[in-house]
file structure_26.pdb (PDB, C-alpha atoms)
MODEL        1
ATOM      1  CA  MET A  73       1.639 -11.692 -53.267
ATOM      2  CA  THR A  74       3.494  -9.534 -50.752
ATOM      3  CA  ASP A  75       2.050  -6.096 -51.468
ATOM      4  CA  ILE A  76       1.049  -4.050 -48.441
ATOM      5  CA  ILE A  77      -2.731  -3.661 -48.507
ATOM      6  CA  LEU A  78      -4.340  -1.184 -46.131
ATOM      7  CA  HIS A  79      -8.070  -1.481 -45.452
ATOM      8  CA  HIS A  80      -9.157   1.971 -44.253
ATOM      9  CA  TYR A  81     -11.265   5.058 -44.917
ATOM     10  CA  PRO A  82      -9.993   8.638 -45.323
ATOM     11  CA  ALA A  83     -11.539  10.169 -42.170
ATOM     12  CA  SER A  84     -10.128   7.545 -39.773
ATOM     13  CA  PRO A  85      -7.498   8.998 -37.392
ATOM     14  CA  PHE A  86      -5.956   5.593 -36.712
ATOM     15  CA  ALA A  87      -5.704   5.027 -40.454
ATOM     16  CA  GLU A  88      -3.943   8.382 -40.765
ATOM     17  CA  LYS A  89      -1.391   7.126 -38.241
ATOM     18  CA  ILE A  90      -0.565   4.200 -40.532
ATOM     19  CA  ARG A  91      -0.734   6.234 -43.747
ATOM     20  CA  LEU A  92       1.826   8.626 -42.306
ATOM     21  CA  GLY A  93       3.946   5.694 -41.095
ATOM     22  CA  LEU A  94       4.006   4.397 -44.653
ATOM     23  CA  GLY A  95       5.090   7.896 -45.664
ATOM     24  CA  ILE A  96       7.976   7.906 -43.202
ATOM     25  CA  LYS A  97       9.234   4.701 -44.775
ATOM     26  CA  GLY A  98       8.462   5.842 -48.336
ATOM     27  CA  LEU A  99       6.576   2.632 -49.102
ATOM     28  CA  ALA A 100       4.267   1.715 -51.955
ATOM     29  CA  TRP A 101       0.956   0.254 -50.816
ATOM     30  CA  LYS A 102      -2.496  -0.733 -52.008
ATOM     31  CA  SER A 103      -5.471   1.218 -50.679
ATOM     32  CA  VAL A 104      -8.801  -0.520 -50.067
ATOM     33  CA  THR A 105     -11.525   1.865 -48.929
ATOM     34  CA  ILE A 106     -13.914   0.286 -46.422
ATOM     35  CA  PRO A 107     -17.220   1.594 -45.000
ATOM     36  CA  MET A 108     -17.111   3.869 -41.936
ATOM     37  CA  VAL A 109     -19.855   1.818 -40.267
ATOM     38  CA  MET A 110     -21.023  -1.761 -40.159
ATOM     39  CA  PRO A 111     -21.653  -3.901 -42.103
ATOM     40  CA  LYS A 112     -18.195  -4.379 -43.576
ATOM     41  CA  PRO A 113     -18.736  -7.437 -45.774
ATOM     42  CA  ASP A 114     -15.338  -7.351 -47.484
ATOM     43  CA  LEU A 115     -13.332  -6.870 -44.281
ATOM     44  CA  LEU A 116     -14.787  -9.324 -41.771
ATOM     45  CA  PRO A 117     -13.963 -12.429 -43.860
ATOM     46  CA  LEU A 118     -10.319 -11.434 -43.424
ATOM     47  CA  THR A 119     -10.449 -10.599 -39.704
ATOM     48  CA  GLY A 120     -13.074 -12.999 -38.404
ATOM     49  CA  GLY A 121     -15.087 -10.257 -36.737
ATOM     50  CA  TYR A 122     -12.597  -7.553 -35.820
ATOM     51  CA  ARG A 123     -14.155  -4.355 -37.162
ATOM     52  CA  LYS A 124     -11.740  -1.586 -36.196
ATOM     53  CA  THR A 125      -9.915   0.571 -38.726
ATOM     54  CA  PRO A 126      -7.336   0.145 -40.174
ATOM     55  CA  VAL A 127      -6.386  -3.437 -40.981
ATOM     56  CA  MET A 128      -3.230  -4.340 -42.900
ATOM     57  CA  GLN A 129      -3.107  -7.349 -45.211
ATOM     58  CA  ILE A 130      -0.001  -8.941 -46.642
ATOM     59  CA  GLY A 131      -1.047 -11.971 -48.650
ATOM     60  CA  ALA A 132      -3.022 -14.201 -46.279
ATOM     61  CA  ASP A 133      -1.583 -12.625 -43.117
ATOM     62  CA  ILE A 134      -3.914 -10.054 -41.554
ATOM     63  CA  TYR A 135      -2.613  -7.480 -39.039
ATOM     64  CA  CYS A 136      -4.993  -5.795 -36.592
ATOM     65  CA  ASP A 137      -4.379  -2.682 -34.467
ATOM     66  CA  THR A 138      -1.965   0.110 -35.312
ATOM     67  CA  GLN A 139       0.660  -0.790 -32.717
ATOM     68  CA  LEU A 140       1.093  -4.207 -34.323
ATOM     69  CA  ILE A 141       0.869  -2.879 -37.884
ATOM     70  CA  LEU A 142       3.705  -0.433 -37.243
ATOM     71  CA  ARG A 143       5.763  -3.130 -35.531
ATOM     72  CA  GLU A 144       5.354  -5.412 -38.552
ATOM     73  CA  LEU A 145       6.271  -2.624 -40.970
ATOM     74  CA  GLU A 146       9.407  -1.972 -38.915
ATOM     75  CA  ARG A 147      10.324  -5.664 -39.011
ATOM     76  CA  ARG A 148       9.895  -5.908 -42.777
ATOM     77  CA  TYR A 149      11.268  -2.474 -43.686
ATOM     78  CA  PRO A 150      13.729  -1.404 -40.970
ATOM     79  CA  THR A 151      15.112   1.632 -42.842
ATOM     80  CA  PRO A 152      14.287   4.412 -42.164
ATOM     81  CA  SER A 153      13.361   3.313 -38.671
ATOM     82  CA  PHE A 154      10.360   4.242 -36.590
ATOM     83  CA  TYR A 155      12.914   4.313 -33.748
ATOM     84  CA  PRO A 156      15.579   6.812 -34.862
ATOM     85  CA  ASP A 157      18.581   7.312 -32.600
ATOM     86  CA  GLY A 158      17.885   4.205 -30.550
ATOM     87  CA  THR A 159      14.489   5.238 -29.189
ATOM     88  CA  ALA A 160      12.927   1.743 -29.161
ATOM     89  CA  GLY A 161      11.183   1.023 -25.876
ATOM     90  CA  LEU A 162      10.951   4.699 -24.995
ATOM     91  CA  ALA A 163       8.953   5.426 -28.149
ATOM     92  CA  ASP A 164       6.648   2.437 -27.607
ATOM     93  CA  ALA A 165       5.871   3.498 -24.029
ATOM     94  CA  PHE A 166       5.410   7.115 -25.107
ATOM     95  CA  ALA A 167       3.039   6.092 -27.914
ATOM     96  CA  PHE A 168       0.958   3.914 -25.592
ATOM     97  CA  TRP A 169       0.644   6.822 -23.141
ATOM     98  CA  ALA A 170      -0.313   9.296 -25.859
ATOM     99  CA  GLU A 171      -3.099   7.174 -27.275
ATOM    100  CA  LYS A 172      -4.562   6.054 -23.971
ATOM    101  CA  PHE A 173      -4.814   9.576 -22.564
ATOM    102  CA  MET A 174      -5.168  11.811 -25.630
ATOM    103  CA  PHE A 175      -7.305   9.937 -28.141
ATOM    104  CA  SER A 176     -10.688  10.035 -26.411
ATOM    105  CA  PRO A 177     -10.650  13.740 -25.478
ATOM    106  CA  CYS A 178      -9.329  14.647 -28.947
ATOM    107  CA  ILE A 179     -12.237  12.806 -30.572
ATOM    108  CA  GLY A 180     -14.691  14.570 -28.275
ATOM    109  CA  VAL A 181     -13.164  17.980 -29.048
ATOM    110  CA  GLY A 182     -13.145  17.294 -32.784
ATOM    111  CA  PHE A 183     -16.808  16.289 -32.792
ATOM    112  CA  ALA A 184     -17.900  19.089 -30.433
ATOM    113  CA  LEU A 185     -16.166  21.855 -32.392
ATOM    114  CA  GLY A 186     -16.566  20.384 -35.858
ATOM    115  CA  GLY A 187     -20.315  20.589 -36.352
ATOM    116  CA  ALA A 188     -20.857  16.850 -35.912
ATOM    117  CA  ASP A 189     -24.558  17.275 -35.119
ATOM    118  CA  GLY A 190     -25.339  18.060 -38.758
ATOM    119  CA  ARG A 191     -22.767  15.869 -40.475
ATOM    120  CA  PHE A 192     -23.638  12.335 -39.401
ATOM    121  CA  ASP A 193     -26.825  10.373 -39.930
ATOM    122  CA  ASP A 194     -28.625   8.098 -37.492
ATOM    123  CA  ALA A 195     -26.874   5.017 -38.850
ATOM    124  CA  PHE A 196     -23.465   6.484 -38.002
ATOM    125  CA  LYS A 197     -24.592   7.528 -34.527
ATOM    126  CA  ALA A 198     -26.081   4.091 -33.817
ATOM    127  CA  ASP A 199     -22.942   2.360 -35.077
ATOM    128  CA  ARG A 200     -20.638   4.463 -32.913
ATOM    129  CA  ALA A 201     -22.875   3.972 -29.882
ATOM    130  CA  LYS A 202     -22.669   0.198 -30.270
ATOM    131  CA  PHE A 203     -18.936   0.412 -30.954
ATOM    132  CA  SER A 204     -18.103   2.506 -27.875
ATOM    133  CA  GLY A 205     -20.783   1.324 -25.484
ATOM    134  CA  ARG A 206     -22.206   4.833 -24.942
ATOM    135  CA  ASP A 207     -24.535   7.178 -26.806
ATOM    136  CA  PHE A 208     -23.172   9.323 -29.623
ATOM    137  CA  ASP A 209     -24.586  12.560 -28.214
ATOM    138  CA  VAL A 210     -23.069  15.738 -29.661
ATOM    139  CA  ALA A 211     -24.944  17.925 -27.164
ATOM    140  CA  LYS A 212     -23.232  16.070 -24.315
ATOM    141  CA  MET A 213     -19.890  16.417 -26.081
ATOM    142  CA  LYS A 214     -20.390  20.158 -26.351
ATOM    143  CA  ALA A 215     -21.369  20.373 -22.679
ATOM    144  CA  ALA A 216     -18.250  18.407 -21.754
ATOM    145  CA  LEU A 217     -15.969  20.538 -23.941
ATOM    146  CA  PRO A 218     -14.393  22.544 -21.062
ATOM    147  CA  LYS A 219     -13.514  19.319 -19.272
ATOM    148  CA  LEU A 220     -12.114  17.751 -22.442
ATOM    149  CA  LEU A 221      -9.942  20.794 -23.125
ATOM    150  CA  ASP A 222      -8.803  20.766 -19.521
ATOM    151  CA  GLN A 223      -7.689  17.134 -19.891
ATOM    152  CA  LEU A 224      -5.841  17.840 -23.103
ATOM    153  CA  ARG A 225      -4.125  20.996 -21.911
ATOM    154  CA  ALA A 226      -1.926  19.144 -19.455
ATOM    155  CA  HIS A 227      -0.865  16.491 -21.946
ATOM    156  CA  LEU A 228      -0.246  18.910 -24.802
ATOM    157  CA  ALA A 229       1.813  21.146 -22.566
ATOM    158  CA  HIS A 230       4.263  18.240 -22.247
ATOM    159  CA  LEU A 231       4.538  18.007 -26.031
ATOM    160  CA  GLU A 232       4.969  21.757 -26.437
ATOM    161  CA  THR A 233       7.762  21.668 -23.837
ATOM    162  CA  MET A 234       9.510  18.804 -25.658
ATOM    163  CA  LEU A 235       9.726  20.988 -28.761
ATOM    164  CA  ALA A 236      11.020  24.039 -26.899
ATOM    165  CA  ASP A 237      14.702  23.250 -27.585
ATOM    166  CA  GLY A 238      14.182  23.572 -31.343
ATOM    167  CA  ARG A 239      14.020  19.893 -32.227
ATOM    168  CA  LYS A 240      11.950  19.100 -35.311
ATOM    169  CA  PHE A 241      10.171  16.061 -33.890
ATOM    170  CA  LEU A 242       9.262  14.893 -30.409
ATOM    171  CA  LEU A 243      12.309  12.721 -29.709
ATOM    172  CA  GLY A 244      14.825  14.427 -31.989
ATOM    173  CA  ASP A 245      15.352  15.567 -35.549
ATOM    174  CA  LYS A 246      13.793  12.532 -37.266
ATOM    175  CA  PRO A 247      10.141  11.461 -37.189
ATOM    176  CA  GLY A 248       9.166   8.143 -35.687
ATOM    177  CA  LEU A 249       6.615   6.173 -33.711
ATOM    178  CA  ALA A 250       6.664   8.721 -30.894
ATOM    179  CA  ASP A 251       5.339  11.318 -33.339
ATOM    180  CA  LEU A 252       2.733   9.144 -35.033
ATOM    181  CA  ALA A 253       0.771   8.345 -31.870
ATOM    182  CA  PRO A 254      -0.043  11.889 -30.682
ATOM    183  CA  TYR A 255      -0.205  13.297 -34.215
ATOM    184  CA  HIS A 256      -3.192  11.277 -35.359
ATOM    185  CA  CYS A 257      -5.167  12.350 -32.282
ATOM    186  CA  LEU A 258      -4.525  16.036 -32.983
ATOM    187  CA  TRP A 259      -5.018  15.463 -36.729
ATOM    188  CA  PHE A 260      -8.635  14.590 -35.954
ATOM    189  CA  ILE A 261      -9.190  17.963 -34.267
ATOM    190  CA  ALA A 262      -7.499  19.809 -37.131
ATOM    191  CA  GLN A 263      -9.483  17.915 -39.778
ATOM    192  CA  ASN A 264     -12.829  18.520 -38.108
ATOM    193  CA  ALA A 265     -12.462  21.894 -36.392
ATOM    194  CA  GLY A 266      -9.465  23.534 -38.099
ATOM    195  CA  PRO A 267      -5.694  23.611 -37.484
ATOM    196  CA  GLU A 268      -5.970  26.441 -34.967
ATOM    197  CA  ALA A 269      -8.997  25.198 -33.048
ATOM    198  CA  PRO A 270      -8.687  24.942 -29.264
ATOM    199  CA  PRO A 271      -6.474  23.711 -27.711
ATOM    200  CA  LEU A 272      -4.099  24.010 -30.710
ATOM    201  CA  ASP A 273      -4.599  27.779 -30.883
ATOM    202  CA  ARG A 274      -2.240  28.331 -27.927
ATOM    203  CA  LEU A 275       0.439  25.844 -28.937
ATOM    204  CA  PRO A 276       2.533  27.365 -31.777
ATOM    205  CA  ARG A 277       5.393  24.871 -31.597
ATOM    206  CA  LEU A 278       2.953  21.981 -31.724
ATOM    207  CA  ARG A 279       1.215  23.461 -34.772
ATOM    208  CA  ASP A 280       4.568  23.818 -36.545
ATOM    209  CA  TRP A 281       5.354  20.210 -35.684
ATOM    210  CA  MET A 282       1.998  19.140 -37.130
ATOM    211  CA  ARG A 283       2.811  20.924 -40.392
ATOM    212  CA  ARG A 284       6.137  19.074 -40.573
ATOM    213  CA  MET A 285       4.367  15.785 -39.949
ATOM    214  CA  ALA A 286       1.730  16.428 -42.619
ATOM    215  CA  ALA A 287       4.458  17.286 -45.139
ATOM    216  CA  ILE A 288       5.833  13.733 -44.867
ATOM    217  CA  GLY A 289       2.891  12.456 -46.878
ATOM    218  CA  HIS A 290       1.532   8.938 -47.289
ATOM    219  CA  GLY A 291       4.166   7.167 -49.368
ATOM    220  CA  LYS A 292       3.010   5.724 -52.687
ATOM    221  CA  PRO A 293      -0.612   4.515 -52.494
ATOM    222  CA  SER A 294      -2.608   3.038 -55.349
ATOM    223  CA  ASP A 295      -6.248   1.953 -55.273
ATOM    224  CA  LEU A 296      -7.291  -1.692 -55.030
ATOM    225  CA  ASP A 297     -10.792  -3.102 -55.222
ATOM    226  CA  ALA A 298     -11.969  -4.850 -52.055
ATOM    227  CA  LYS A 299     -12.891  -8.028 -53.966
ATOM    228  CA  ALA A 300      -9.386  -8.136 -55.430
ATOM    229  CA  ALA A 301      -7.961  -8.033 -51.903
ATOM    230  CA  LEU A 302     -10.096 -11.040 -50.963
ATOM    231  CA  ASP A 303      -8.815 -12.854 -54.052
ATOM    232  CA  ILE A 304      -5.241 -12.109 -53.009
ATOM    233  CA  ALA A 305      -5.850 -13.646 -49.582
ATOM    234  CA  ARG A 306      -7.545 -16.710 -51.072
ATOM    235  CA  ASN A 307      -4.680 -17.332 -53.507
ATOM    236  CA  ALA A 308      -1.896 -16.799 -50.956
ATOM    237  CA  THR A 309      -0.361 -19.058 -48.314
ATOM    238  CA  PRO A 310       0.035 -17.588 -44.813
ATOM    239  CA  ALA A 311       3.674 -16.946 -43.977
ATOM    240  CA  THR A 312       3.409 -17.334 -40.196
ATOM    241  CA  LYS A 313       5.018 -20.442 -38.679
ATOM    242  CA  PRO A 314       3.999 -22.077 -35.367
ATOM    243  CA  ALA A 315       5.831 -20.668 -32.353
ATOM    244  CA  THR A 316       5.333 -21.401 -28.660
ATOM    245  CA  ASP A 317       5.669 -18.728 -25.988
ATOM    246  CA  VAL A 318       7.394 -20.701 -23.223
ATOM    247  CA  ALA A 319       6.762 -17.836 -20.782
ATOM    248  CA  ASP A 320       3.027 -17.581 -21.447
ATOM    249  CA  PRO A 321       1.452 -17.112 -17.987
ATOM    250  CA  GLU A 322      -1.478 -19.365 -18.900
ATOM    251  CA  GLY A 323       0.541 -22.027 -20.694
ATOM    252  CA  ARG A 324      -1.065 -21.531 -24.088
ATOM    253  CA  LYS A 325       0.365 -23.599 -26.938
ATOM    254  CA  PRO A 326      -0.176 -23.805 -30.707
ATOM    255  CA  GLY A 327      -3.275 -25.820 -31.554
ATOM    256  CA  MET A 328      -5.449 -24.441 -28.766
ATOM    257  CA  MET A 329      -8.675 -22.671 -29.709
ATOM    258  CA  VAL A 330      -8.712 -19.134 -28.363
ATOM    259  CA  SER A 331     -10.787 -15.989 -28.513
ATOM    260  CA  VAL A 332      -9.185 -12.542 -28.871
ATOM    261  CA  VAL A 333     -11.071  -9.332 -28.093
ATOM    262  CA  PRO A 334     -10.083  -5.654 -27.639
ATOM    263  CA  ASP A 335     -10.187  -4.460 -24.033
ATOM    264  CA  ASP A 336     -11.759  -1.069 -24.810
ATOM    265  CA  THR A 337     -14.133  -0.554 -27.762
ATOM    266  CA  GLY A 338     -15.331  -2.650 -30.684
ATOM    267  CA  ARG A 339     -15.375  -5.714 -28.457
ATOM    268  CA  ASP A 340     -16.162  -8.248 -31.174
ATOM    269  CA  PRO A 341     -14.291 -11.491 -30.447
ATOM    270  CA  VAL A 342     -12.221 -13.314 -33.039
ATOM    271  CA  THR A 343     -12.011 -17.062 -32.537
ATOM    272  CA  GLY A 344      -9.400 -19.313 -34.073
ATOM    273  CA  GLU A 345      -6.604 -21.801 -33.571
ATOM    274  CA  LEU A 346      -3.550 -20.421 -31.803
ATOM    275  CA  VAL A 347      -0.554 -20.599 -34.127
ATOM    276  CA  ALA A 348       2.100 -18.365 -32.607
ATOM    277  CA  SER A 349       2.464 -16.064 -29.628
ATOM    278  CA  SER A 350       4.975 -13.947 -27.768
ATOM    279  CA  ALA A 351       4.945 -11.166 -25.191
ATOM    280  CA  GLN A 352       3.920  -8.730 -27.933
ATOM    281  CA  GLU A 353       1.808 -10.710 -30.407
ATOM    282  CA  ILE A 354      -0.691 -13.506 -30.801
ATOM    283  CA  VAL A 355      -1.633 -15.145 -34.119
ATOM    284  CA  VAL A 356      -4.706 -17.267 -34.790
ATOM    285  CA  ARG A 357      -5.569 -19.406 -37.796
ATOM    286  CA  ARG A 358      -9.011 -19.038 -39.321
ATOM    287  CA  ASN A 359     -10.838 -20.438 -42.318
ATOM    288  CA  ASP A 360     -13.518 -18.496 -44.147
ATOM    289  CA  PRO A 361     -15.438 -19.517 -47.290
ATOM    290  CA  MET A 362     -14.545 -16.231 -48.997
ATOM    291  CA  VAL A 363     -10.795 -16.250 -48.357
ATOM    292  CA  GLY A 364      -9.768 -19.723 -47.246
ATOM    293  CA  GLU A 365      -7.071 -19.998 -44.577
ATOM    294  CA  VAL A 366      -5.744 -16.776 -43.084
ATOM    295  CA  MET A 367      -3.579 -15.894 -40.098
ATOM    296  CA  VAL A 368      -4.936 -13.016 -38.015
ATOM    297  CA  HIS A 369      -2.356 -11.134 -35.938
ATOM    298  CA  PHE A 370      -3.097  -9.116 -32.775
ATOM    299  CA  PRO A 371      -0.904  -7.269 -30.281
ATOM    300  CA  ARG A 372      -1.014  -8.475 -26.674
ATOM    301  CA  ALA A 373      -1.251  -5.017 -25.073
ATOM    302  CA  GLY A 374      -4.826  -3.802 -25.277
ATOM    303  CA  PHE A 375      -6.330  -7.225 -26.067
ATOM    304  CA  ILE A 376      -7.756 -10.028 -23.941
ATOM    305  CA  VAL A 377      -7.049 -13.641 -24.877
ATOM    306  CA  GLY A 378      -9.298 -16.361 -23.515
ATOM    307  CA  ALA A 379     -10.362 -19.908 -24.251
ATOM    308  CA  ALA A 380     -12.782 -20.180 -27.159
ATOM    309  CA  LYS A 381     -16.359 -20.805 -26.141
TER     310      LYS A 381
ENDMDL
END
call {"tool": "encode", "arguments": {"input": "structure_26.pdb", "output": "structure tokens"}}
result
Amino acid sequence: MTDIILHHYPASPFAEKIRLGLGIKGLAWKSVTIPMVMPKPDLLPLTGGYRKTPVMQIGADIYCDTQLILRELERRYPTPSFYPDGTAGLADAFAFWAEKFMFSPCIGVGFALGGADGRFDDAFKADRAKFSGRDFDVAKMKAALPKLLDQLRAHLAHLETMLADGRKFLLGDKPGLADLAPYHCLWFIAQNAGPEAPPLDRLPRLRDWMRRMAAIGHGKPSDLDAKAALDIARNATPATKPATDVADPEGRKPGMMVSVVPDDTGRDPVTGELVASSAQEIVVRRNDPMVGEVMVHFPRAGFIVGAAK
């Protein structure tokens, strides 16, 4: 079974990044809606503990983190490319910058301006506090709003300037990875506080660009039950083959037991047998009673790999 299965929920900005990426490529995909908060009983058997959204499943291969998901989609479906006009490398670096510096203040602005204090229950607030390592305190977000807007203003001014020559998208006339990374951050503000909420109210070119991005759509989704996705994994054979990274700084080789954990939030480790690795990816083999053998894929940037305890 080689269908693309996306485990996500509608309000997730990172899921919107992937949904729009699937739209750029015009792909058909299966949509599994997962809970916004823990527990996630039909996701963790696939990932081994990784709880972030979204997760992509293709058979018994499980892809975590949006940078790796987009890279895998590009490998499998190279046309149209996420790197139009030879922007590979540049677009990856640009996307990493955008997310690292824009995501957190955009989330704070979206919550502060979007009436979050009355929209989320205690379970959500407790979940997000555990996930991020700090209290989910809307009053503090509102108090910090001037600082958050000040942070964003500098970054968004760069994007507004990039569009000043009339180009349709950030690196040219075709959408790609460089657009997906900042878009989903700003999408969260627009979804929660409106498309002309600060700081978007003073950025007309950026708002036009956001309308062009939204018009791309999400490809061709169809709903899939979460239990059916587990059945697909259980009945499939992982496609990943062993591969040694001869340049691995710590000399890791297939067969070693390792632990992989995000370096920022949602620091739930995933333990398994190392199967393949490179400068950009690490793959571990896991067995779970609900799904059997699966291969869980992680990017190297943004994740810490250590010996399993």
call {"tool": "resolve_selection", "arguments": {"input": "structure_26.pdb", "expression": "the PyMOL selection byres ((chain A and resi 185) around 9)", "output": "list in words"}}
result
Gly180, Val181, Gly182, Phe183, Ala184, Gly186, Gly187, Ala188, Lys214, Leu217, Ile261, Asn264, Ala265, Gly266, Ala269 and Pro270 of chain A
call {"tool": "residues_near_point", "arguments": {"input": "structure_26.pdb", "point": "(-8.2, -12.1, -40.2)", "cutoff": "12 Å", "atoms": "only C-alpha atoms", "output": "PyMOL selection string"}}
result
chain A and resi 79+114-124+127-137+302+305-306+310+332+341-345+355-360+362-370
call {"tool": "write_last_selection", "arguments": {"input": "structure_26.pdb", "atoms": "C-alpha atoms", "output": "PDB file, in the frame of the given file"}}
result
ATOM      1  CA  HIS A  79      -8.070  -1.481 -45.452  1.00  0.00           C
ATOM      2  CA  ASP A 114     -15.338  -7.351 -47.484  1.00  0.00           C
ATOM      3  CA  LEU A 115     -13.332  -6.870 -44.281  1.00  0.00           C
ATOM      4  CA  LEU A 116     -14.787  -9.324 -41.771  1.00  0.00           C
ATOM      5  CA  PRO A 117     -13.963 -12.429 -43.860  1.00  0.00           C
ATOM      6  CA  LEU A 118     -10.319 -11.434 -43.424  1.00  0.00           C
ATOM      7  CA  THR A 119     -10.449 -10.599 -39.704  1.00  0.00           C
ATOM      8  CA  GLY A 120     -13.074 -12.999 -38.404  1.00  0.00           C
ATOM      9  CA  GLY A 121     -15.087 -10.257 -36.737  1.00  0.00           C
ATOM     10  CA  TYR A 122     -12.597  -7.553 -35.820  1.00  0.00           C
ATOM     11  CA  ARG A 123     -14.155  -4.355 -37.162  1.00  0.00           C
ATOM     12  CA  LYS A 124     -11.740  -1.586 -36.196  1.00  0.00           C
ATOM     13  CA  VAL A 127      -6.386  -3.437 -40.981  1.00  0.00           C
ATOM     14  CA  MET A 128      -3.230  -4.340 -42.900  1.00  0.00           C
ATOM     15  CA  GLN A 129      -3.107  -7.349 -45.211  1.00  0.00           C
ATOM     16  CA  ILE A 130      -0.001  -8.941 -46.642  1.00  0.00           C
ATOM     17  CA  GLY A 131      -1.047 -11.971 -48.650  1.00  0.00           C
ATOM     18  CA  ALA A 132      -3.022 -14.201 -46.279  1.00  0.00           C
ATOM     19  CA  ASP A 133      -1.583 -12.625 -43.117  1.00  0.00           C
ATOM     20  CA  ILE A 134      -3.914 -10.054 -41.554  1.00  0.00           C
ATOM     21  CA  TYR A 135      -2.613  -7.480 -39.039  1.00  0.00           C
ATOM     22  CA  CYS A 136      -4.993  -5.795 -36.592  1.00  0.00           C
ATOM     23  CA  ASP A 137      -4.379  -2.682 -34.467  1.00  0.00           C
ATOM     24  CA  LEU A 302     -10.096 -11.040 -50.963  1.00  0.00           C
ATOM     25  CA  ALA A 305      -5.850 -13.646 -49.582  1.00  0.00           C
ATOM     26  CA  ARG A 306      -7.545 -16.710 -51.072  1.00  0.00           C
ATOM     27  CA  PRO A 310       0.035 -17.588 -44.813  1.00  0.00           C
ATOM     28  CA  VAL A 332      -9.185 -12.542 -28.871  1.00  0.00           C
ATOM     29  CA  PRO A 341     -14.291 -11.491 -30.447  1.00  0.00           C
ATOM     30  CA  VAL A 342     -12.221 -13.314 -33.039  1.00  0.00           C
ATOM     31  CA  THR A 343     -12.011 -17.062 -32.537  1.00  0.00           C
ATOM     32  CA  GLY A 344      -9.400 -19.313 -34.073  1.00  0.00           C
ATOM     33  CA  GLU A 345      -6.604 -21.801 -33.571  1.00  0.00           C
ATOM     34  CA  VAL A 355      -1.633 -15.145 -34.119  1.00  0.00           C
ATOM     35  CA  VAL A 356      -4.706 -17.267 -34.790  1.00  0.00           C
ATOM     36  CA  ARG A 357      -5.569 -19.406 -37.796  1.00  0.00           C
ATOM     37  CA  ARG A 358      -9.011 -19.038 -39.321  1.00  0.00           C
ATOM     38  CA  ASN A 359     -10.838 -20.438 -42.318  1.00  0.00           C
ATOM     39  CA  ASP A 360     -13.518 -18.496 -44.147  1.00  0.00           C
ATOM     40  CA  MET A 362     -14.545 -16.231 -48.997  1.00  0.00           C
ATOM     41  CA  VAL A 363     -10.795 -16.250 -48.357  1.00  0.00           C
ATOM     42  CA  GLY A 364      -9.768 -19.723 -47.246  1.00  0.00           C
ATOM     43  CA  GLU A 365      -7.071 -19.998 -44.577  1.00  0.00           C
ATOM     44  CA  VAL A 366      -5.744 -16.776 -43.084  1.00  0.00           C
ATOM     45  CA  MET A 367      -3.579 -15.894 -40.098  1.00  0.00           C
ATOM     46  CA  VAL A 368      -4.936 -13.016 -38.015  1.00  0.00           C
ATOM     47  CA  HIS A 369      -2.356 -11.134 -35.938  1.00  0.00           C
ATOM     48  CA  PHE A 370      -3.097  -9.116 -32.775  1.00  0.00           C
TER      49      PHE A 370
END
call {"tool": "residues_around", "arguments": {"input": "structure_26.pdb", "residues": "stretch 232-240 of chain A", "least_positions_apart": "6", "cutoff": "9 Å", "atoms": "only C-alpha atoms", "output": "ChimeraX atom specification"}}
result
/A:246-247,275-278,280-281,284
call {"tool": "closest_residue", "arguments": {"input": "structure_26.pdb", "among": "A:Pro111, A:Pro334, A:Gly158, A:Gly190", "to": "A:Arg372", "atoms": "all atoms listed in the file"}}
result
A:Pro334
call {"tool": "closest_residue", "arguments": {"input": "structure_26.pdb", "among": "A:Arg200, A:Arg324, A:His256, A:Lys299", "to": "A:Met285", "atoms": "only C-alpha atoms"}}
result
A:His256
call {"tool": "resolve_selection", "arguments": {"input": "structure_26.pdb", "expression": "the PyMOL selection byres ((chain A and resi 149) around 12)", "output": "NGL selection string"}}
result
:A and (76 or 93-94 or 96-100 or 141-148 or 150-154)
call {"tool": "resolve_selection", "arguments": {"input": "structure_26.pdb", "expression": "the PyMOL selection byres ((chain A and resi 209) around 10)", "output": "list in words"}}
result
Phe183, Ala184, Ala188, Asp189, Lys197, Ala201, Arg206, Asp207, Phe208, Val210, Ala211, Lys212, Met213 and Lys214 of chain A
call {"tool": "closest_residue", "arguments": {"input": "structure_26.pdb", "among": "A:Asp297, A:Asp340, A:Glu353, A:Asp164", "to": "A:Lys202", "atoms": "all atoms listed in the file"}}
result
A:Asp340
call {"tool": "residues_around", "arguments": {"input": "structure_26.pdb", "residues": "stretch 335-338 of chain A", "least_positions_apart": "6", "cutoff": "6 Å", "atoms": "only C-alpha atoms", "output": "short mmCIF file (atom, residue, chain, number, x, y, z; two decimals) with C-alpha atoms, in the frame of the given file"}}
result
data_model
loop_
_atom_site.label_atom_id
_atom_site.label_comp_id
_atom_site.auth_asym_id
_atom_site.auth_seq_id
_atom_site.Cartn_x
_atom_site.Cartn_y
_atom_site.Cartn_z
CA PHE A 203 -18.94 0.41 -30.95
CA SER A 204 -18.10 2.51 -27.88
CA GLY A 374 -4.83 -3.80 -25.28
CA PHE A 375 -6.33 -7.22 -26.07
#
call {"tool": "atom_distance", "arguments": {"input": "structure_26.pdb", "atom1": "atom CA of A:Leu252", "atom2": "atom CA of A:Ile288"}}
result
11.3 Å
call {"tool": "closest_residue", "arguments": {"input": "structure_26.pdb", "among": "A:Phe241, A:Trp169, A:Phe175, A:Phe196", "to": "A:Phe86", "atoms": "only C-alpha atoms"}}
result
A:Phe175
call {"tool": "atom_distance", "arguments": {"input": "structure_26.pdb", "atom1": "atom CA of A:Ile90", "atom2": "atom CA of A:Val347"}}
result
25.6 Å
call {"tool": "atom_distance", "arguments": {"input": "structure_26.pdb", "atom1": "atom CA of A:Asp199", "atom2": "atom CA of A:Met110"}}
result
6.8 Å
